[in-house]
Amino acid sequence: MHGANLRRHRLNRMIGLARVYRGWNSNELRDALGRDAGRLASGSGNPKLDLVARVADALEWDLGEVAESIWDASDETPLEVNEHESFASLDAQAQRLHRESSYPEMEAVGKAMRRIARNGTERAVAANRLAGAYDGMGRFPRVLQCVREGLAERGVRDEIRLMLSVNLAGAYYALWNLHEARAIATSVIESLAARAGNTRMQRVAYAFAHGLRGQCARRLLSECDSPQMCTRLAREAESDLECASQRYAELADQYGDAQYAGLAHTSEGALLEVRAASGAILPIDAIASIVQRLDSAIDLDKAPCADLLESCGWWSVFGANIALRAGERTVIHVSERSELERALAICTNKAAEIAEHLDLWPLRERAFTLEWFRRQQSAGELPVECNAWVLDADDVRVLVGTMGRFPLFRATGWEILDQAMLTVD
């Protein structure tokens with residue numbers, strides 16, 4: 001069963017569930033859905049939005065959950081996956097596709113793995129591969145869904161559960177659910193504290209959890225309203241980021257993996273922001289170090305590797321954060337303000353440039369948000385400054401994609417669309 005017939009079948013099943021859930025007879029069902037049973041779906045099998053909304057209301061489900069249960073894009077153009085292959089063979093394919101950044105193909109293989117999985121461990125592995133595909137596409141709410149499914153399975157090996165836990169924390173961090181991410185990272189650290197050097201995976205998870213917890217504390221610095229809290233968060237962030245940087249550097253030296261070197265480099269950049277926020281170093285000196293480091297990313301096509309280039313993108317974000325925080329001071333010399341505004345423009349532009357070059361949605365979200373903050377800070381009249389922000393069709397495409405992937409960014413995205421000048425045909 002494919003296409004329109006499959007969607008009609010799914011819709012009828014959802015309506016049947018709604019009828020049973022509510023205990024309705026035929027007339028009550030018709031009144032609730034606003035149409036007779038014979039007019040539920042068109043020939044294409046695509047129900048109208050008002051019908052999907054009524055079914056969702058009847059079931060007391062979210063609208064998106066009902067829509068996803070009825071319609072799946074893979075029904076139209078399914079990617080070819082040989083499901084007669086073994087689970088291990090499909091898993092090897094998924095890992096290869098991840099290394100190649102072929103995320104739509106990896107999603108298709110992950111779904112095939114889920115269909116043929118025979119036990120809790122295999123279902124958890126399939127969920128983790130799907131999470132990896134969605135992470136690469138920036139679909140972090142789906143990452144959360146997949147890793148939760150995997151963690152809910154019984155009889156899962158410890159290392160697979162560890163991977164899922166780390167990925168759950170990473171998805172929460174990407175979505176700015178910082179308290180959740182910190183709690184999971186702390187749980188991982190505590191569980192590995194006595195055995196962090198046993199296996200490569202455990203060592204990576206230990207470094208990742210420290211780095212993630214340190215990054216959460218760094219982000220939370222912007223929400224501090226008391227000096228005591230800021231001091232405590234800065235101290236925690238510095239300790240965790242130093243640990244992560246050291247352990248990633250050790251992993252990079254031992255295994256020659258550029259990903260570990262990039263993560264160590266990112267932790268070093270985050271430390272500059274933390275130390276500037278705590279007063280350990282002057283903001284202007286931290287920014288100078290960051291801008292100097294960004295000289296290695298002037299020509300993106302000549303960058304040594306994608307992992308280090310991505311790290312430079314995050315250094316740009318750290319530099320912009322430092323400049324924004326320093327520019328918010330009530331007493332600041334005119335020459336220093338000018339230097340901060342210049343550094344902020346350099347960092348936001350570089351972050352956006354690297355995000356587009358590498359197709360990195362989390363970096364795109366930061367680039368848009370920081371540019372919005374920059375215009376707020378530099379303009380006496382916000383609408384005037386933002387009306388000078390011209391967005392072409394490609395800019396709007398990226399902005400809309402970012403709004404879809406990051407729910408907490410959506411309000412900022414709507415403000416940008418309302419205030420900026422759009423040049424879309």
# chains A, B, ... in the order shown; residues from 1 in each chain; ligands from 1
>>> residues_around(residues="range 400-402 of chain A", least_positions_apart="6", cutoff="12 Å", atoms="only C-alpha atoms", output="ChimeraX atom specification")
/A:137-140,174-175,355-356,359-369,391,393-394,408-414,416-417
>>> closest_atom_pairs(of="range 67-133 of chain A", to="range 11-25 of chain A", cutoff="12 Å", atoms="only C-alpha atoms", output="Markdown table")
| residue | atom | partner | partner_atom | distance |
| --- | --- | --- | --- | --- |
| A:Ala67 | CA | A:Leu11 | CA | 9.2 |
| A:Glu68 | CA | A:Leu11 | CA | 10.7 |
| A:Ser69 | CA | A:Leu11 | CA | 8.2 |
| A:Ile70 | CA | A:Leu11 | CA | 5.7 |
| A:Trp71 | CA | A:Leu11 | CA | 8.9 |
>>> closest_residue(among="A:Asp62, A:Arg148, A:Phe406, A:Arg115", to="Asn177 in chain A", atoms="only C-alpha atoms")
A:Phe406
>>> residues_around(residues="range 200-203 of chain A", least_positions_apart="4", cutoff="10 Å", atoms="only C-alpha atoms", output="list in words")
Glu159, Ile160, Leu162, Met163, Val188, Ile189, Leu192, Ala193, Arg195, Ala196, Ala207, Phe208, Ala209, Arg247, Tyr248, Glu250, Leu251 and Tyr255 of chain A
>>> residues_around(residues="Gln292 in chain A", least_positions_apart="4", cutoff="12 Å", atoms="only C-alpha atoms", output="VMD selection string")
chain A and resid 285 to 288 296 to 298 312 315 to 316 319 343 346 to 347
>>> closest_residue(among="A:Thr348, A:Ser102, A:Ser26, A:Ser311", to="Tyr134 in chain A", atoms="only C-alpha atoms")
A:Ser102
>>> select_by_dssp(residues="range 153-329 of chain A", states="alpha helix (DSSP H)", output="ChimeraX atom specification")
/A:158-174,178-192,200-220,227-255,258-278,283-293,306-327
>>> write_last_selection(atoms="C-alpha atoms", output="short mmCIF file (atom, residue, chain, number, x, y, z; two decimals), in the first residue's frame")
data_model
loop_
_atom_site.label_atom_id
_atom_site.label_comp_id
_atom_site.auth_asym_id
_atom_site.auth_seq_id
_atom_site.Cartn_x
_atom_site.Cartn_y
_atom_site.Cartn_z
CA ASP A 158 25.55 -0.01 28.56
CA GLU A 159 27.61 1.56 25.77
CA ILE A 160 24.56 2.05 23.54
CA ARG A 161 22.66 3.60 26.44
CA LEU A 162 25.67 5.86 27.03
CA MET A 163 25.63 7.04 23.41
CA LEU A 164 21.92 7.76 23.59
CA SER A 165 22.30 9.70 26.84
CA VAL A 166 25.09 11.84 25.39
CA ASN A 167 23.05 12.53 22.26
CA LEU A 168 20.02 13.42 24.38
CA ALA A 169 22.07 16.00 26.27
CA GLY A 170 23.46 17.38 23.01
CA ALA A 171 20.00 17.81 21.52
CA TYR A 172 18.74 19.59 24.63
CA TYR A 173 21.75 21.91 24.45
CA ALA A 174 21.14 22.70 20.77
CA LEU A 178 20.16 24.21 29.23
CA HIS A 179 19.04 22.91 32.62
CA GLU A 180 18.03 19.57 31.09
CA ALA A 181 21.32 19.32 29.19
CA ARG A 182 23.35 20.12 32.33
CA ALA A 183 21.50 17.52 34.39
CA ILE A 184 22.06 14.74 31.85
CA ALA A 185 25.72 15.73 31.35
CA THR A 186 26.23 15.60 35.11
CA SER A 187 24.64 12.16 35.25
CA VAL A 188 26.98 10.91 32.51
CA ILE A 189 30.02 12.38 34.28
CA GLU A 190 29.07 10.77 37.58
CA SER A 191 28.45 7.38 35.98
CA LEU A 192 31.84 7.47 34.23
CA ARG A 200 37.47 5.00 23.69
CA MET A 201 33.71 5.57 23.73
CA GLN A 202 33.68 6.14 27.48
CA ARG A 203 36.58 8.59 27.23
CA VAL A 204 34.84 10.50 24.44
CA ALA A 205 31.57 10.57 26.39
CA TYR A 206 33.39 11.83 29.49
CA ALA A 207 35.05 14.65 27.53
CA PHE A 208 31.80 15.48 25.72
CA ALA A 209 29.79 15.62 28.95
CA HIS A 210 32.31 17.95 30.59
CA GLY A 211 32.42 20.16 27.51
CA LEU A 212 28.64 20.26 27.24
CA ARG A 213 28.14 21.05 30.92
CA GLY A 214 30.73 23.80 30.66
CA GLN A 215 29.04 25.24 27.58
CA CYS A 216 25.67 25.22 29.39
CA ALA A 217 27.16 27.17 32.28
CA ARG A 218 28.73 29.60 29.79
CA ARG A 219 25.37 30.20 28.11
CA LEU A 220 23.64 30.63 31.46
CA PRO A 227 27.27 38.59 40.96
CA GLN A 228 27.42 35.52 43.21
CA MET A 229 25.61 33.35 40.66
CA CYS A 230 27.81 34.63 37.84
CA THR A 231 30.94 33.86 39.82
CA ARG A 232 29.77 30.33 40.57
CA LEU A 233 28.72 29.62 36.97
CA ALA A 234 31.99 31.03 35.61
CA ARG A 235 33.99 28.84 37.99
CA GLU A 236 32.00 25.73 36.99
CA ALA A 237 32.27 26.54 33.30
CA GLU A 238 36.02 27.11 33.48
CA SER A 239 36.64 23.83 35.32
CA ASP A 240 34.53 21.77 32.90
CA LEU A 241 35.86 23.42 29.75
CA GLU A 242 39.47 23.00 30.85
CA CYS A 243 38.81 19.31 31.50
CA ALA A 244 37.11 18.89 28.11
CA SER A 245 39.89 20.70 26.25
CA GLN A 246 42.59 18.55 27.87
CA ARG A 247 40.80 15.25 27.30
CA TYR A 248 39.86 16.05 23.69
CA ALA A 249 43.47 17.03 22.99
CA GLU A 250 44.63 13.69 24.40
CA LEU A 251 42.11 11.84 22.21
CA ALA A 252 43.19 13.82 19.14
CA ASP A 253 46.86 12.98 19.75
CA GLN A 254 46.14 9.29 20.31
CA TYR A 255 43.69 8.67 17.47
CA ALA A 258 40.30 15.99 13.58
CA GLN A 259 36.89 15.98 15.27
CA TYR A 260 38.53 15.74 18.70
CA ALA A 261 40.97 18.51 17.80
CA GLY A 262 38.06 20.71 16.72
CA LEU A 263 36.18 20.09 19.97
CA ALA A 264 39.30 20.87 22.02
CA HIS A 265 39.69 24.10 20.05
CA THR A 266 36.03 25.00 20.67
CA SER A 267 36.46 24.50 24.42
CA GLU A 268 39.49 26.82 24.37
CA GLY A 269 37.44 29.54 22.68
CA ALA A 270 34.59 29.14 25.15
CA LEU A 271 37.11 29.59 27.98
CA LEU A 272 37.96 33.04 26.63
CA GLU A 273 34.32 34.10 26.85
CA VAL A 274 33.99 32.72 30.39
CA ARG A 275 37.16 34.43 31.59
CA ALA A 276 36.11 37.71 30.04
CA ALA A 277 32.71 37.46 31.72
CA SER A 278 34.28 36.73 35.11
CA PRO A 283 37.02 41.78 27.11
CA ILE A 284 39.00 43.78 24.58
CA ASP A 285 41.99 41.43 25.00
CA ALA A 286 39.81 38.33 24.65
CA ILE A 287 38.24 39.75 21.49
CA ALA A 288 41.68 40.56 20.06
CA SER A 289 42.74 36.94 20.58
CA ILE A 290 39.57 35.67 18.89
CA VAL A 291 39.78 38.01 15.89
CA GLN A 292 43.43 37.03 15.43
CA ARG A 293 42.48 33.34 15.48
CA ALA A 306 35.56 21.04 8.42
CA ASP A 307 35.88 20.30 12.15
CA LEU A 308 38.35 23.11 12.77
CA LEU A 309 36.40 25.45 10.50
CA GLU A 310 33.24 24.76 12.50
CA SER A 311 35.21 25.49 15.64
CA CYS A 312 36.20 28.86 14.17
CA GLY A 313 32.50 29.52 13.66
CA TRP A 314 31.91 28.97 17.37
CA TRP A 315 34.90 31.18 18.21
CA SER A 316 33.08 33.87 16.21
CA VAL A 317 30.02 33.37 18.41
CA PHE A 318 32.14 33.60 21.58
CA GLY A 319 33.70 36.83 20.32
CA ALA A 320 30.31 38.33 19.51
CA ASN A 321 29.01 37.36 22.96
CA ILE A 322 31.97 39.09 24.63
CA ALA A 323 31.46 42.23 22.57
CA LEU A 324 27.73 42.31 23.30
CA ARG A 325 28.25 41.84 27.02
CA ALA A 326 30.97 44.50 27.18
CA GLY A 327 28.87 46.93 25.12
#
>>> residues_around(residues="range 122-131 of chain A", least_positions_apart="3", cutoff="6 Å", atoms="only C-alpha atoms", output="list of chain:residue names")
A:Glu107, A:Gly110, A:Met113, A:Arg114, A:Ala117, A:Asn119, A:Tyr134, A:Asp135, A:Val143, A:Cys146, A:Gly150
>>> closest_residue(among="A:Arg337, A:Lys302, A:Arg30, A:Arg142", to="Val55 in chain A", atoms="only C-alpha atoms")
A:Arg30
>>> atom_distance(atom1="CA of Gln419 in chain A", atom2="CA of Val398 in chain A")
16.7 Å
>>> closest_residue(among="A:Asp31, A:Asp257, A:Glu415, A:Asp36", to="Ala58 in chain A", atoms="only C-alpha atoms")
A:Asp31
